[in-house]
Amino acid sequence: MVYVLILFGIIILDQVTKVLVASQGAGWSVTIIPEVFSFTYTVNRGAAFSFLGDAEWGQTFFFVITVIILPVLFIAFLRLGKNRKWLKTTIILILAGTIGNFIDRVVFKGVTDFIYVHFFANFNVADISLTVGAIMLIFWFLFLDDEALFRIGKKKNG
């Protein structure tokens with residue numbers, strides 16, 4: 001139940017913030033810390049850092065990839081045992097971010113971004129969820145998995 005709440009909580013927060021920002025209109029921006037951080041409304045037609053944003057087939061590509069990845073992630077989540085909380089949380093975060101941006105791609109043909117770190121990029125709540133999930137997954141494979149490169153904790157018997 002907690003995973004359902006996390007999933008829908010992130011999706012709802014993502015969509016509500018995007019609607020609020022988009023309702024302000026093109027060119028909307030509010031500076032929080034000059035030259036460092038602002039809320040700035042943009043629409044990204046690509047992926048991270050506008051990857052494939054200019055390609056005519058970019059939206060179709062992201063749509064197809066997402067339609068393939070969502071069920072795979074969902075099935076992976078369902079197959080994990082109750083004691084796999086780290087991995088379940090990781091997958092839920094990745095699912096929530098993927099679904100949040102997928103909704104934008106389907107409805108608006110691009111992803112609404114509004115959190116602008118001037119020396120980095122413009123992103124949204126779904127991107128944060130995806131990034132945290134991806135970092136957690138990398139951490140799992142490097143430190144927590146039984147076959148981890150830099151295993152923390154008990155070693156696997158055998």
# chains A, B, ... in the order shown; residues from 1 in each chain; ligands from 1
call {"tool": "select_by_dssp", "arguments": {"residues": "range 13-144 of chain A", "states": "helix (DSSP H, G or I)", "output": "VMD selection string"}}
result
chain A and resid 13 to 22 48 to 50 58 to 79 85 to 108 125 to 144
call {"tool": "write_last_selection", "arguments": {"atoms": "C-alpha atoms", "output": "mmCIF file, in the first residue's frame"}}
result
data_model
loop_
_atom_site.group_PDB
_atom_site.id
_atom_site.type_symbol
_atom_site.label_atom_id
_atom_site.label_comp_id
_atom_site.auth_asym_id
_atom_site.auth_seq_id
_atom_site.Cartn_x
_atom_site.Cartn_y
_atom_site.Cartn_z
ATOM 1 C CA LEU A 13 2.550 16.259 -7.338
ATOM 2 C CA ASP A 14 4.281 16.201 -10.721
ATOM 3 C CA GLN A 15 1.109 16.829 -12.714
ATOM 4 C CA VAL A 16 -0.280 19.504 -10.364
ATOM 5 C CA THR A 17 2.986 21.468 -10.418
ATOM 6 C CA LYS A 18 3.181 21.206 -14.217
ATOM 7 C CA VAL A 19 -0.406 22.428 -14.638
ATOM 8 C CA LEU A 20 0.204 25.346 -12.259
ATOM 9 C CA VAL A 21 3.343 26.360 -14.125
ATOM 10 C CA ALA A 22 1.842 25.918 -17.603
ATOM 11 C CA ALA A 48 17.274 14.700 -20.516
ATOM 12 C CA PHE A 49 19.111 17.811 -21.721
ATOM 13 C CA SER A 50 16.718 17.894 -24.749
ATOM 14 C CA GLY A 58 11.841 11.775 -31.181
ATOM 15 C CA GLN A 59 8.384 11.793 -29.569
ATOM 16 C CA THR A 60 7.473 8.495 -31.253
ATOM 17 C CA PHE A 61 10.739 6.970 -30.045
ATOM 18 C CA PHE A 62 10.132 8.041 -26.427
ATOM 19 C CA PHE A 63 6.515 6.861 -26.617
ATOM 20 C CA VAL A 64 7.521 3.379 -27.853
ATOM 21 C CA ILE A 65 10.367 3.025 -25.334
ATOM 22 C CA THR A 66 8.052 4.046 -22.489
ATOM 23 C CA VAL A 67 5.313 1.631 -23.579
ATOM 24 C CA ILE A 68 7.917 -1.154 -23.476
ATOM 25 C CA ILE A 69 9.607 -0.120 -20.218
ATOM 26 C CA LEU A 70 6.509 0.516 -18.075
ATOM 27 C CA PRO A 71 5.208 -3.081 -18.088
ATOM 28 C CA VAL A 72 8.731 -4.462 -17.606
ATOM 29 C CA LEU A 73 9.237 -2.263 -14.528
ATOM 30 C CA PHE A 74 5.788 -3.122 -13.188
ATOM 31 C CA ILE A 75 6.392 -6.863 -13.590
ATOM 32 C CA ALA A 76 9.830 -6.540 -11.968
ATOM 33 C CA PHE A 77 8.205 -4.732 -9.042
ATOM 34 C CA LEU A 78 5.552 -7.443 -8.621
ATOM 35 C CA ARG A 79 8.167 -10.235 -8.701
ATOM 36 C CA LYS A 85 12.193 -2.725 0.058
ATOM 37 C CA TRP A 86 15.156 -0.847 -1.424
ATOM 38 C CA LEU A 87 14.583 -2.252 -4.903
ATOM 39 C CA LYS A 88 10.807 -1.848 -4.670
ATOM 40 C CA THR A 89 11.222 1.817 -3.721
ATOM 41 C CA THR A 90 13.723 2.265 -6.533
ATOM 42 C CA ILE A 91 11.346 0.827 -9.110
ATOM 43 C CA ILE A 92 8.400 2.852 -7.783
ATOM 44 C CA LEU A 93 10.404 6.078 -8.095
ATOM 45 C CA ILE A 94 11.422 5.207 -11.652
ATOM 46 C CA LEU A 95 7.834 4.206 -12.520
ATOM 47 C CA ALA A 96 6.396 7.424 -11.056
ATOM 48 C CA GLY A 97 8.829 9.618 -12.967
ATOM 49 C CA THR A 98 8.325 7.697 -16.185
ATOM 50 C CA ILE A 99 4.538 7.879 -15.914
ATOM 51 C CA GLY A 100 4.613 11.593 -15.031
ATOM 52 C CA ASN A 101 6.650 12.488 -18.109
ATOM 53 C CA PHE A 102 4.733 10.000 -20.277
ATOM 54 C CA ILE A 103 1.474 11.803 -19.468
ATOM 55 C CA ASP A 104 3.044 15.039 -20.729
ATOM 56 C CA ARG A 105 4.317 13.412 -23.909
ATOM 57 C CA VAL A 106 0.896 11.962 -24.714
ATOM 58 C CA VAL A 107 -1.146 15.042 -23.810
ATOM 59 C CA PHE A 108 1.201 17.911 -24.723
ATOM 60 C CA VAL A 125 9.223 16.564 -10.207
ATOM 61 C CA ALA A 126 9.095 13.456 -12.443
ATOM 62 C CA ASP A 127 12.737 14.006 -13.420
ATOM 63 C CA ILE A 128 13.705 14.220 -9.743
ATOM 64 C CA SER A 129 11.895 10.941 -9.067
ATOM 65 C CA LEU A 130 13.594 9.254 -12.036
ATOM 66 C CA THR A 131 17.017 10.553 -11.017
ATOM 67 C CA VAL A 132 16.695 9.501 -7.377
ATOM 68 C CA GLY A 133 15.449 6.068 -8.504
ATOM 69 C CA ALA A 134 18.353 5.688 -10.927
ATOM 70 C CA ILE A 135 20.896 6.707 -8.267
ATOM 71 C CA MET A 136 19.346 4.227 -5.835
ATOM 72 C CA LEU A 137 19.559 1.483 -8.484
ATOM 73 C CA ILE A 138 23.226 2.227 -9.162
ATOM 74 C CA PHE A 139 23.887 2.261 -5.402
ATOM 75 C CA TRP A 140 22.147 -1.130 -5.140
ATOM 76 C CA PHE A 141 24.338 -2.702 -7.804
ATOM 77 C CA LEU A 142 27.535 -1.159 -6.428
ATOM 78 C CA PHE A 143 27.028 -1.705 -2.693
ATOM 79 C CA LEU A 144 23.947 -3.696 -1.655
#
call {"tool": "select_by_dssp", "arguments": {"residues": "chain A", "states": "strand (DSSP E or B)", "output": "list of chain:residue names"}}
result
A:Ser29, A:Val30, A:Thr31, A:Ile32, A:Ile33, A:Phe37, A:Ser38, A:Phe39, A:Thr40, A:Tyr41, A:Thr42, A:Val43, A:Asn44, A:Val111, A:Thr112, A:Asp113, A:Phe114, A:Ile115, A:Tyr116, A:Val117, A:Ala121, A:Asn122, A:Phe123
call {"tool": "atom_distance", "arguments": {"atom1": "CA of Arg45 in chain A", "atom2": "CA of Thr112 in chain A"}}
result
8.9 Å
call {"tool": "decode", "arguments": {"residues": "range 39-115 of chain A", "atoms": "C-alpha atoms", "output": "mmCIF file, in the first residue's frame"}}
result
data_model
loop_
_atom_site.group_PDB
_atom_site.id
_atom_site.type_symbol
_atom_site.label_atom_id
_atom_site.label_comp_id
_atom_site.auth_asym_id
_atom_site.auth_seq_id
_atom_site.Cartn_x
_atom_site.Cartn_y
_atom_site.Cartn_z
ATOM 1 C CA PHE A 39 11.212 28.542 -11.713
ATOM 2 C CA THR A 40 11.126 28.900 -15.489
ATOM 3 C CA TYR A 41 8.463 27.333 -17.701
ATOM 4 C CA THR A 42 9.731 25.443 -20.742
ATOM 5 C CA VAL A 43 8.536 22.506 -22.809
ATOM 6 C CA ASN A 44 11.162 19.870 -23.559
ATOM 7 C CA ARG A 45 10.415 17.842 -26.688
ATOM 8 C CA GLY A 46 13.353 15.533 -26.000
ATOM 9 C CA ALA A 47 14.673 13.573 -23.046
ATOM 10 C CA ALA A 48 17.274 14.700 -20.516
ATOM 11 C CA PHE A 49 19.111 17.811 -21.721
ATOM 12 C CA SER A 50 16.718 17.894 -24.749
ATOM 13 C CA PHE A 51 18.216 14.694 -26.175
ATOM 14 C CA LEU A 52 16.511 14.012 -29.544
ATOM 15 C CA GLY A 53 14.330 17.102 -29.052
ATOM 16 C CA ASP A 54 14.876 18.242 -32.634
ATOM 17 C CA ALA A 55 14.346 14.824 -34.225
ATOM 18 C CA GLU A 56 10.995 14.473 -36.019
ATOM 19 C CA TRP A 57 10.696 10.923 -34.732
ATOM 20 C CA GLY A 58 11.841 11.775 -31.181
ATOM 21 C CA GLN A 59 8.384 11.793 -29.569
ATOM 22 C CA THR A 60 7.473 8.495 -31.253
ATOM 23 C CA PHE A 61 10.739 6.970 -30.045
ATOM 24 C CA PHE A 62 10.132 8.041 -26.427
ATOM 25 C CA PHE A 63 6.515 6.861 -26.617
ATOM 26 C CA VAL A 64 7.521 3.379 -27.853
ATOM 27 C CA ILE A 65 10.367 3.025 -25.334
ATOM 28 C CA THR A 66 8.052 4.046 -22.489
ATOM 29 C CA VAL A 67 5.313 1.631 -23.579
ATOM 30 C CA ILE A 68 7.917 -1.154 -23.476
ATOM 31 C CA ILE A 69 9.607 -0.120 -20.218
ATOM 32 C CA LEU A 70 6.509 0.516 -18.075
ATOM 33 C CA PRO A 71 5.208 -3.081 -18.088
ATOM 34 C CA VAL A 72 8.731 -4.462 -17.606
ATOM 35 C CA LEU A 73 9.237 -2.263 -14.528
ATOM 36 C CA PHE A 74 5.788 -3.122 -13.188
ATOM 37 C CA ILE A 75 6.392 -6.863 -13.590
ATOM 38 C CA ALA A 76 9.830 -6.540 -11.968
ATOM 39 C CA PHE A 77 8.205 -4.732 -9.042
ATOM 40 C CA LEU A 78 5.552 -7.443 -8.621
ATOM 41 C CA ARG A 79 8.167 -10.235 -8.701
ATOM 42 C CA LEU A 80 10.236 -8.757 -5.881
ATOM 43 C CA GLY A 81 9.725 -10.259 -2.435
ATOM 44 C CA LYS A 82 8.514 -8.285 0.574
ATOM 45 C CA ASN A 83 12.052 -8.042 1.963
ATOM 46 C CA ARG A 84 13.315 -6.175 -1.141
ATOM 47 C CA LYS A 85 12.193 -2.725 0.058
ATOM 48 C CA TRP A 86 15.156 -0.847 -1.424
ATOM 49 C CA LEU A 87 14.583 -2.252 -4.903
ATOM 50 C CA LYS A 88 10.807 -1.848 -4.670
ATOM 51 C CA THR A 89 11.222 1.817 -3.721
ATOM 52 C CA THR A 90 13.723 2.265 -6.533
ATOM 53 C CA ILE A 91 11.346 0.827 -9.110
ATOM 54 C CA ILE A 92 8.400 2.852 -7.783
ATOM 55 C CA LEU A 93 10.404 6.078 -8.095
ATOM 56 C CA ILE A 94 11.422 5.207 -11.652
ATOM 57 C CA LEU A 95 7.834 4.206 -12.520
ATOM 58 C CA ALA A 96 6.396 7.424 -11.056
ATOM 59 C CA GLY A 97 8.829 9.618 -12.967
ATOM 60 C CA THR A 98 8.325 7.697 -16.185
ATOM 61 C CA ILE A 99 4.538 7.879 -15.914
ATOM 62 C CA GLY A 100 4.613 11.593 -15.031
ATOM 63 C CA ASN A 101 6.650 12.488 -18.109
ATOM 64 C CA PHE A 102 4.733 10.000 -20.277
ATOM 65 C CA ILE A 103 1.474 11.803 -19.468
ATOM 66 C CA ASP A 104 3.044 15.039 -20.729
ATOM 67 C CA ARG A 105 4.317 13.412 -23.909
ATOM 68 C CA VAL A 106 0.896 11.962 -24.714
ATOM 69 C CA VAL A 107 -1.146 15.042 -23.810
ATOM 70 C CA PHE A 108 1.201 17.911 -24.723
ATOM 71 C CA LYS A 109 3.705 16.301 -27.139
ATOM 72 C CA GLY A 110 6.507 17.413 -24.831
ATOM 73 C CA VAL A 111 7.474 17.482 -21.159
ATOM 74 C CA THR A 112 6.824 20.541 -18.982
ATOM 75 C CA ASP A 113 9.974 21.577 -17.133
ATOM 76 C CA PHE A 114 10.137 24.412 -14.622
ATOM 77 C CA ILE A 115 12.826 23.872 -11.980
#
